[in-house]
Structure formats: structure tokens, C-alpha cells
file start.cif (mmCIF, C-alpha atoms)
data_target
#
loop_
_atom_site.group_PDB
_atom_site.id
_atom_site.type_symbol
_atom_site.label_atom_id
_atom_site.label_comp_id
_atom_site.auth_asym_id
_atom_site.auth_seq_id
_atom_site.Cartn_x
_atom_site.Cartn_y
_atom_site.Cartn_z
ATOM 1 C CA MET Z 993 146.267 156.430 93.177
ATOM 2 C CA LYS Z 994 145.669 156.915 96.893
ATOM 3 C CA LYS Z 995 142.147 157.606 98.109
ATOM 4 C CA LEU Z 996 140.949 160.249 100.551
ATOM 5 C CA ILE Z 997 137.445 160.745 101.959
ATOM 6 C CA PHE Z 998 136.572 164.102 103.481
ATOM 7 C CA ILE Z 999 133.484 164.136 105.724
ATOM 8 C CA ASP Z 1000 132.352 167.695 106.364
ATOM 9 C CA ASP Z 1001 129.103 169.618 105.973
ATOM 10 C CA SER Z 1002 130.843 172.703 104.563
ATOM 11 C CA PRO Z 1003 130.912 172.972 100.756
ATOM 12 C CA LEU Z 1004 133.557 175.695 101.146
ATOM 13 C CA ASP Z 1005 135.890 173.292 102.967
ATOM 14 C CA HIS Z 1006 135.278 170.689 100.234
ATOM 15 C CA PHE Z 1007 136.210 173.293 97.626
ATOM 16 C CA ILE Z 1008 139.384 174.329 99.485
ATOM 17 C CA LEU Z 1009 140.584 170.729 99.811
ATOM 18 C CA LYS Z 1010 139.925 169.896 96.155
ATOM 19 C CA ARG Z 1011 141.525 173.145 95.006
ATOM 20 C CA ILE Z 1012 144.723 172.467 96.971
ATOM 21 C CA LEU Z 1013 144.941 168.885 95.688
ATOM 22 C CA ASN Z 1014 144.379 169.952 92.076
ATOM 23 C CA ARG Z 1015 146.527 173.065 92.120
ATOM 24 C CA HIS Z 1016 149.530 171.293 93.594
ATOM 25 C CA HIS Z 1017 148.999 167.985 91.772
ATOM 26 C CA LEU Z 1018 148.882 166.020 95.012
ATOM 27 C CA PRO Z 1019 148.314 162.348 94.189
ATOM 28 C CA TYR Z 1020 144.943 161.671 95.792
ATOM 29 C CA GLU Z 1021 141.515 160.792 94.521
ATOM 30 C CA VAL Z 1022 139.216 162.725 96.846
ATOM 31 C CA ASN Z 1023 135.581 162.132 97.682
ATOM 32 C CA CYS Z 1024 133.823 164.788 99.733
ATOM 33 C CA THR Z 1025 130.570 164.187 101.554
ATOM 34 C CA ALA Z 1026 128.526 165.499 104.451
ATOM 35 C CA ASN Z 1027 127.076 162.049 105.065
ATOM 36 C CA GLY Z 1028 129.106 159.973 107.507
ATOM 37 C CA VAL Z 1029 126.482 157.201 107.468
ATOM 38 C CA GLU Z 1030 127.149 156.619 103.754
ATOM 39 C CA VAL Z 1031 130.875 156.353 104.479
ATOM 40 C CA ILE Z 1032 130.291 153.810 107.260
ATOM 41 C CA ASP Z 1033 128.033 151.805 104.908
ATOM 42 C CA PHE Z 1034 130.697 151.966 102.176
ATOM 43 C CA LEU Z 1035 133.420 150.799 104.569
ATOM 44 C CA GLU Z 1036 131.256 147.916 105.775
ATOM 45 C CA GLN Z 1037 130.414 146.829 102.224
ATOM 46 C CA HIS Z 1038 134.028 147.053 101.008
ATOM 47 C CA ARG Z 1039 135.907 146.039 104.156
ATOM 48 C CA SER Z 1040 137.744 143.220 102.361
ATOM 49 C CA ASP Z 1041 138.395 145.154 99.144
ATOM 50 C CA THR Z 1042 141.746 146.821 99.767
ATOM 51 C CA ASP Z 1043 141.618 148.725 96.465
ATOM 52 C CA SER Z 1044 138.268 150.352 97.266
ATOM 53 C CA LEU Z 1045 139.047 151.412 100.817
ATOM 54 C CA PRO Z 1046 140.341 154.927 101.426
ATOM 55 C CA ASP Z 1047 143.858 155.501 102.688
ATOM 56 C CA ILE Z 1048 142.874 158.589 104.665
ATOM 57 C CA ILE Z 1049 139.639 159.914 106.151
ATOM 58 C CA LEU Z 1050 139.459 163.580 107.127
ATOM 59 C CA LEU Z 1051 136.594 164.114 109.546
ATOM 60 C CA ASP Z 1052 134.867 167.225 110.852
ATOM 61 C CA LEU Z 1053 133.459 166.838 114.365
ATOM 62 C CA TYR Z 1054 130.462 169.140 114.304
ATOM 63 C CA MET Z 1055 127.874 168.446 111.644
ATOM 64 C CA PRO Z 1056 124.088 168.205 111.769
ATOM 65 C CA GLN Z 1057 122.481 164.792 112.302
ATOM 66 C CA PHE Z 1058 125.310 162.211 112.189
ATOM 67 C CA ASP Z 1059 128.271 164.167 113.543
ATOM 68 C CA GLY Z 1060 131.940 163.278 113.751
ATOM 69 C CA TRP Z 1061 131.574 161.866 117.251
ATOM 70 C CA ALA Z 1062 128.931 159.379 116.073
ATOM 71 C CA PHE Z 1063 131.161 158.496 113.117
ATOM 72 C CA LEU Z 1064 134.093 157.803 115.452
ATOM 73 C CA GLU Z 1065 131.953 155.462 117.569
ATOM 74 C CA LYS Z 1066 130.886 153.482 114.490
ATOM 75 C CA ILE Z 1067 134.293 153.283 112.833
ATOM 76 C CA GLU Z 1068 135.949 152.268 116.103
ATOM 77 C CA GLN Z 1069 133.982 149.011 115.942
ATOM 78 C CA LEU Z 1070 134.637 148.609 112.229
ATOM 79 C CA CYS Z 1071 138.319 149.486 111.786
ATOM 80 C CA THR Z 1072 139.652 146.143 113.054
ATOM 81 C CA PHE Z 1073 137.682 144.372 110.301
ATOM 82 C CA LEU Z 1074 139.032 146.470 107.424
ATOM 83 C CA SER Z 1075 141.500 144.719 105.123
ATOM 84 C CA LYS Z 1076 143.943 147.632 105.363
ATOM 85 C CA PRO Z 1077 144.616 150.362 107.889
ATOM 86 C CA VAL Z 1078 142.738 153.585 107.208
ATOM 87 C CA LYS Z 1079 144.192 156.712 108.783
ATOM 88 C CA VAL Z 1080 141.620 158.989 110.377
ATOM 89 C CA TYR Z 1081 142.435 162.646 110.941
ATOM 90 C CA ILE Z 1082 140.128 165.083 112.669
ATOM 91 C CA LEU Z 1083 139.888 168.337 110.715
ATOM 92 C CA SER Z 1084 137.973 170.808 112.844
ATOM 93 C CA ALA Z 1085 137.619 174.475 113.679
ATOM 94 C CA SER Z 1086 136.981 173.550 117.324
ATOM 95 C CA ILE Z 1087 139.402 175.086 119.790
ATOM 96 C CA ASN Z 1088 137.741 173.376 122.743
ATOM 97 C CA PRO Z 1089 140.480 171.583 124.737
ATOM 98 C CA GLU Z 1090 137.921 168.944 125.759
ATOM 99 C CA ASP Z 1091 137.406 168.002 122.111
ATOM 100 C CA ILE Z 1092 141.130 167.496 121.620
ATOM 101 C CA GLN Z 1093 141.363 165.510 124.853
ATOM 102 C CA ASN Z 1094 138.329 163.359 123.942
ATOM 103 C CA ILE Z 1095 139.839 162.567 120.557
ATOM 104 C CA MET Z 1096 142.817 160.961 122.295
ATOM 105 C CA GLN Z 1097 140.594 158.117 123.511
ATOM 106 C CA TYR Z 1098 140.406 156.866 119.913
ATOM 107 C CA ALA Z 1099 143.684 155.053 119.255
ATOM 108 C CA PHE Z 1100 142.970 154.867 115.512
ATOM 109 C CA VAL Z 1101 142.823 158.681 115.139
ATOM 110 C CA SER Z 1102 146.176 159.832 113.819
ATOM 111 C CA SER Z 1103 145.955 163.535 114.597
ATOM 112 C CA PHE Z 1104 143.794 166.596 115.255
ATOM 113 C CA ILE Z 1105 144.210 169.252 112.560
ATOM 114 C CA PHE Z 1106 142.828 172.765 112.843
ATOM 115 C CA LYS Z 1107 140.894 174.197 109.912
ATOM 116 C CA PRO Z 1108 141.507 175.394 107.353
ATOM 117 C CA ILE Z 1109 143.553 172.672 105.704
ATOM 118 C CA THR Z 1110 146.656 173.915 103.934
ATOM 119 C CA LYS Z 1111 148.941 172.618 101.214
ATOM 120 C CA ASN Z 1112 151.704 171.991 103.770
ATOM 121 C CA ILE Z 1113 149.436 169.910 105.992
ATOM 122 C CA LEU Z 1114 148.193 167.862 103.026
ATOM 123 C CA GLU Z 1115 151.738 167.280 101.833
ATOM 124 C CA LYS Z 1116 152.718 166.125 105.314
ATOM 125 C CA LEU Z 1117 149.774 163.694 105.450
ATOM 126 C CA ILE Z 1118 150.713 162.323 102.039
ATOM 127 C CA SER Z 1119 154.371 162.125 103.003
ATOM 128 C CA ASP Z 1120 153.520 160.319 106.263
ATOM 129 C CA GLU Z 1121 151.271 157.933 104.360
ATOM 130 C CA ALA Z 1122 154.000 157.178 101.821
ATOM 131 C CA SER Z 1123 156.627 156.583 104.510
ATOM 132 C CA ASN Z 1124 154.301 154.145 106.315
ATOM 133 C CA VAL Z 1125 153.892 152.104 103.134
ATOM 134 C CA ALA Z 1126 157.617 151.971 102.369
#
call {"tool": "encode", "arguments": {"input": "start.cif", "output": "C-alpha cells"}}
result
Amino acid sequence: MKKLIFIDDSPLDHFILKRILNRHHLPYEVNCTANGVEVIDFLEQHRSDTDSLPDIILLDLYMPQFDGWAFLEKIEQLCTFLSKPVKVYILSASINPEDIQNIMQYAFVSSFIFKPITKNILEKLISDEASNVA
């Protein structure tokens, strides 16, 4: 089963994502957290364990303490050492054009997605992931 990590400080957004995955039987094991530092630590500890690494990370930009921008800086240094490519998608309510433009400086970020996540968007991410593996 594919793995997805969702980093966001909103329990409601966690609920929505899990509900969509469960309701539509989308084939992902999902872990939701508000703690990007724990995710960075996990990735560092498991960087050579392909089975443990997530396939997709959904990341909110604006969170208290360790925000999405800080996460992007840390994972940028780490992603070349991971034993498999991990797709990073920004999932944000921000409509600030500067945010979208600043995201483009991170070559490893696959896309900027506006909240809320929908079934169609999740299916597209899963479909894109499957076509990249094939």
C-alpha cells in the first residue's frame, strides 16, 4: 500500500483527507501530523528504507512554530539522500501570488493545490503516482 503524510495544523483538514480516502477506498495509508520536525526526523532515520518512506507528502505552508517554509528548507537538503523519490505537494489556503511564485524555487515540489482537498484531486495524485511507477 502506498503511503501519504499530511502535515497540517488543522484537525478538520486531517478529517477531510481521511474521510475522502476511506469513503472512496483510495489505496493510501495516511499519517496526519502538525509536526513537520517529526517528519524530517522520520525521513532522516529511514532514508534508506524504501518501504518506510512515504510516496507523497502533502504540506500546509502556514502553521505555528515549524511552518511549511521551514520544512521545505530542511527537506530540500534531505531529498537527494532518500532511497526513493518522495513527491511533495503544497496544500494551502493561501491565495498570495508570492507564495505560489516562491514555491517554484523548490524543484522537488510537484504542485501547489488549493484547499480544501477533494476526491478528484486525490485521485489525480494517485493516478499520477501510479503512472510514474509504471
call {"tool": "atom_distance", "arguments": {"input": "start.cif", "atom1": "atom CA of Gly1060 of chain Z", "atom2": "atom CA of Asn1023 of chain Z"}}
result
16.5 Å
call {"tool": "resolve_selection", "arguments": {"input": "start.cif", "expression": "the PyMOL selection byres ((chain Z and resi 1095) around 12)", "output": "PyMOL selection string"}}
result
chain Z and resi 1051-1053+1060-1061+1064-1065+1068+1080-1084+1086+1088-1094+1096-1105
call {"tool": "closest_residue", "arguments": {"input": "start.cif", "among": "Z:Pro1077, Z:Leu1035, Z:Ile1087, Z:Gly1028", "to": "Leu1050 of chain Z", "atoms": "only C-alpha atoms"}}
result
Z:Gly1028
call {"tool": "closest_residue", "arguments": {"input": "start.cif", "among": "Z:Thr1110, Z:Ile1049, Z:Ala1085, Z:Asp1005", "to": "Val1031 of chain Z", "atoms": "all atoms listed in the file"}}
result
Z:Ile1049
call {"tool": "resolve_selection", "arguments": {"input": "start.cif", "expression": "the PyMOL selection byres ((chain Z and resi 1072) around 12)", "output": "VMD selection string"}}
result
chain Z and resid 1035 to 1036 1039 to 1040 1066 to 1071 1073 to 1078 1099 to 1100
call {"tool": "build_atoms", "arguments": {"input": "start.cif", "residues": "segment 1061-1080 of chain Z", "atoms": "N, CA, C and O atoms", "output": "PDB file, in the frame of the given file"}}
result
ATOM      1  N   TRP Z1061     131.496 162.719 116.060  1.00  0.00           N
ATOM      2  CA  TRP Z1061     131.574 161.866 117.251  1.00  0.00           C
ATOM      3  C   TRP Z1061     130.853 160.545 117.011  1.00  0.00           C
ATOM      4  O   TRP Z1061     131.354 159.480 117.365  1.00  0.00           O
ATOM      5  N   ALA Z1062     129.678 160.605 116.393  1.00  0.00           N
ATOM      6  CA  ALA Z1062     128.931 159.379 116.073  1.00  0.00           C
ATOM      7  C   ALA Z1062     129.714 158.534 115.063  1.00  0.00           C
ATOM      8  O   ALA Z1062     129.770 157.307 115.168  1.00  0.00           O
ATOM      9  N   PHE Z1063     130.345 159.207 114.096  1.00  0.00           N
ATOM     10  CA  PHE Z1063     131.161 158.496 113.117  1.00  0.00           C
ATOM     11  C   PHE Z1063     132.307 157.760 113.811  1.00  0.00           C
ATOM     12  O   PHE Z1063     132.587 156.592 113.507  1.00  0.00           O
ATOM     13  N   LEU Z1064     132.975 158.423 114.740  1.00  0.00           N
ATOM     14  CA  LEU Z1064     134.093 157.803 115.452  1.00  0.00           C
ATOM     15  C   LEU Z1064     133.645 156.561 116.218  1.00  0.00           C
ATOM     16  O   LEU Z1064     134.358 155.543 116.246  1.00  0.00           O
ATOM     17  N   GLU Z1065     132.471 156.626 116.839  1.00  0.00           N
ATOM     18  CA  GLU Z1065     131.953 155.462 117.569  1.00  0.00           C
ATOM     19  C   GLU Z1065     131.725 154.282 116.631  1.00  0.00           C
ATOM     20  O   GLU Z1065     132.068 153.147 116.957  1.00  0.00           O
ATOM     21  N   LYS Z1066     131.166 154.555 115.464  1.00  0.00           N
ATOM     22  CA  LYS Z1066     130.886 153.482 114.490  1.00  0.00           C
ATOM     23  C   LYS Z1066     132.167 152.920 113.890  1.00  0.00           C
ATOM     24  O   LYS Z1066     132.320 151.703 113.773  1.00  0.00           O
ATOM     25  N   ILE Z1067     133.079 153.775 113.495  1.00  0.00           N
ATOM     26  CA  ILE Z1067     134.293 153.283 112.833  1.00  0.00           C
ATOM     27  C   ILE Z1067     135.224 152.587 113.826  1.00  0.00           C
ATOM     28  O   ILE Z1067     135.991 151.702 113.452  1.00  0.00           O
ATOM     29  N   GLU Z1068     135.126 152.937 115.093  1.00  0.00           N
ATOM     30  CA  GLU Z1068     135.949 152.268 116.103  1.00  0.00           C
ATOM     31  C   GLU Z1068     135.648 150.770 116.107  1.00  0.00           C
ATOM     32  O   GLU Z1068     136.556 149.948 116.214  1.00  0.00           O
ATOM     33  N   GLN Z1069     134.387 150.418 115.973  1.00  0.00           N
ATOM     34  CA  GLN Z1069     133.982 149.011 115.942  1.00  0.00           C
ATOM     35  C   GLN Z1069     134.355 148.351 114.622  1.00  0.00           C
ATOM     36  O   GLN Z1069     134.599 147.162 114.561  1.00  0.00           O
ATOM     37  N   LEU Z1070     134.432 149.133 113.575  1.00  0.00           N
ATOM     38  CA  LEU Z1070     134.637 148.609 112.229  1.00  0.00           C
ATOM     39  C   LEU Z1070     136.100 148.501 111.824  1.00  0.00           C
ATOM     40  O   LEU Z1070     136.474 147.606 111.059  1.00  0.00           O
ATOM     41  N   CYS Z1071     136.958 149.372 112.322  1.00  0.00           N
ATOM     42  CA  CYS Z1071     138.319 149.486 111.786  1.00  0.00           C
ATOM     43  C   CYS Z1071     139.143 148.208 111.931  1.00  0.00           C
ATOM     44  O   CYS Z1071     139.999 147.941 111.094  1.00  0.00           O
ATOM     45  N   THR Z1072     138.882 147.390 112.918  1.00  0.00           N
ATOM     46  CA  THR Z1072     139.652 146.143 113.054  1.00  0.00           C
ATOM     47  C   THR Z1072     139.271 145.121 111.988  1.00  0.00           C
ATOM     48  O   THR Z1072     140.015 144.167 111.769  1.00  0.00           O
ATOM     49  N   PHE Z1073     138.128 145.306 111.331  1.00  0.00           N
ATOM     50  CA  PHE Z1073     137.682 144.372 110.301  1.00  0.00           C
ATOM     51  C   PHE Z1073     138.052 144.818 108.888  1.00  0.00           C
ATOM     52  O   PHE Z1073     137.783 144.102 107.926  1.00  0.00           O
ATOM     53  N   LEU Z1074     138.646 145.979 108.747  1.00  0.00           N
ATOM     54  CA  LEU Z1074     139.032 146.470 107.424  1.00  0.00           C
ATOM     55  C   LEU Z1074     140.297 145.764 106.957  1.00  0.00           C
ATOM     56  O   LEU Z1074     141.200 145.504 107.754  1.00  0.00           O
ATOM     57  N   SER Z1075     140.373 145.488 105.667  1.00  0.00           N
ATOM     58  CA  SER Z1075     141.500 144.719 105.123  1.00  0.00           C
ATOM     59  C   SER Z1075     142.795 145.522 105.038  1.00  0.00           C
ATOM     60  O   SER Z1075     143.844 144.959 104.734  1.00  0.00           O
ATOM     61  N   LYS Z1076     142.728 146.820 105.299  1.00  0.00           N
ATOM     62  CA  LYS Z1076     143.943 147.632 105.363  1.00  0.00           C
ATOM     63  C   LYS Z1076     143.721 148.739 106.378  1.00  0.00           C
ATOM     64  O   LYS Z1076     142.583 149.123 106.652  1.00  0.00           O
ATOM     65  N   PRO Z1077     144.794 149.255 106.941  1.00  0.00           N
ATOM     66  CA  PRO Z1077     144.616 150.362 107.889  1.00  0.00           C
ATOM     67  C   PRO Z1077     144.188 151.634 107.160  1.00  0.00           C
ATOM     68  O   PRO Z1077     144.712 151.952 106.098  1.00  0.00           O
ATOM     69  N   VAL Z1078     143.219 152.305 107.734  1.00  0.00           N
ATOM     70  CA  VAL Z1078     142.738 153.585 107.208  1.00  0.00           C
ATOM     71  C   VAL Z1078     143.064 154.638 108.258  1.00  0.00           C
ATOM     72  O   VAL Z1078     142.653 154.521 109.402  1.00  0.00           O
ATOM     73  N   LYS Z1079     143.829 155.641 107.845  1.00  0.00           N
ATOM     74  CA  LYS Z1079     144.192 156.712 108.783  1.00  0.00           C
ATOM     75  C   LYS Z1079     143.043 157.703 108.887  1.00  0.00           C
ATOM     76  O   LYS Z1079     142.510 158.148 107.875  1.00  0.00           O
ATOM     77  N   VAL Z1080     142.684 158.028 110.118  1.00  0.00           N
ATOM     78  CA  VAL Z1080     141.620 158.989 110.377  1.00  0.00           C
ATOM     79  C   VAL Z1080     142.238 160.218 111.023  1.00  0.00           C
ATOM     80  O   VAL Z1080     142.956 160.115 112.019  1.00  0.00           O
TER      81      VAL Z1080
END
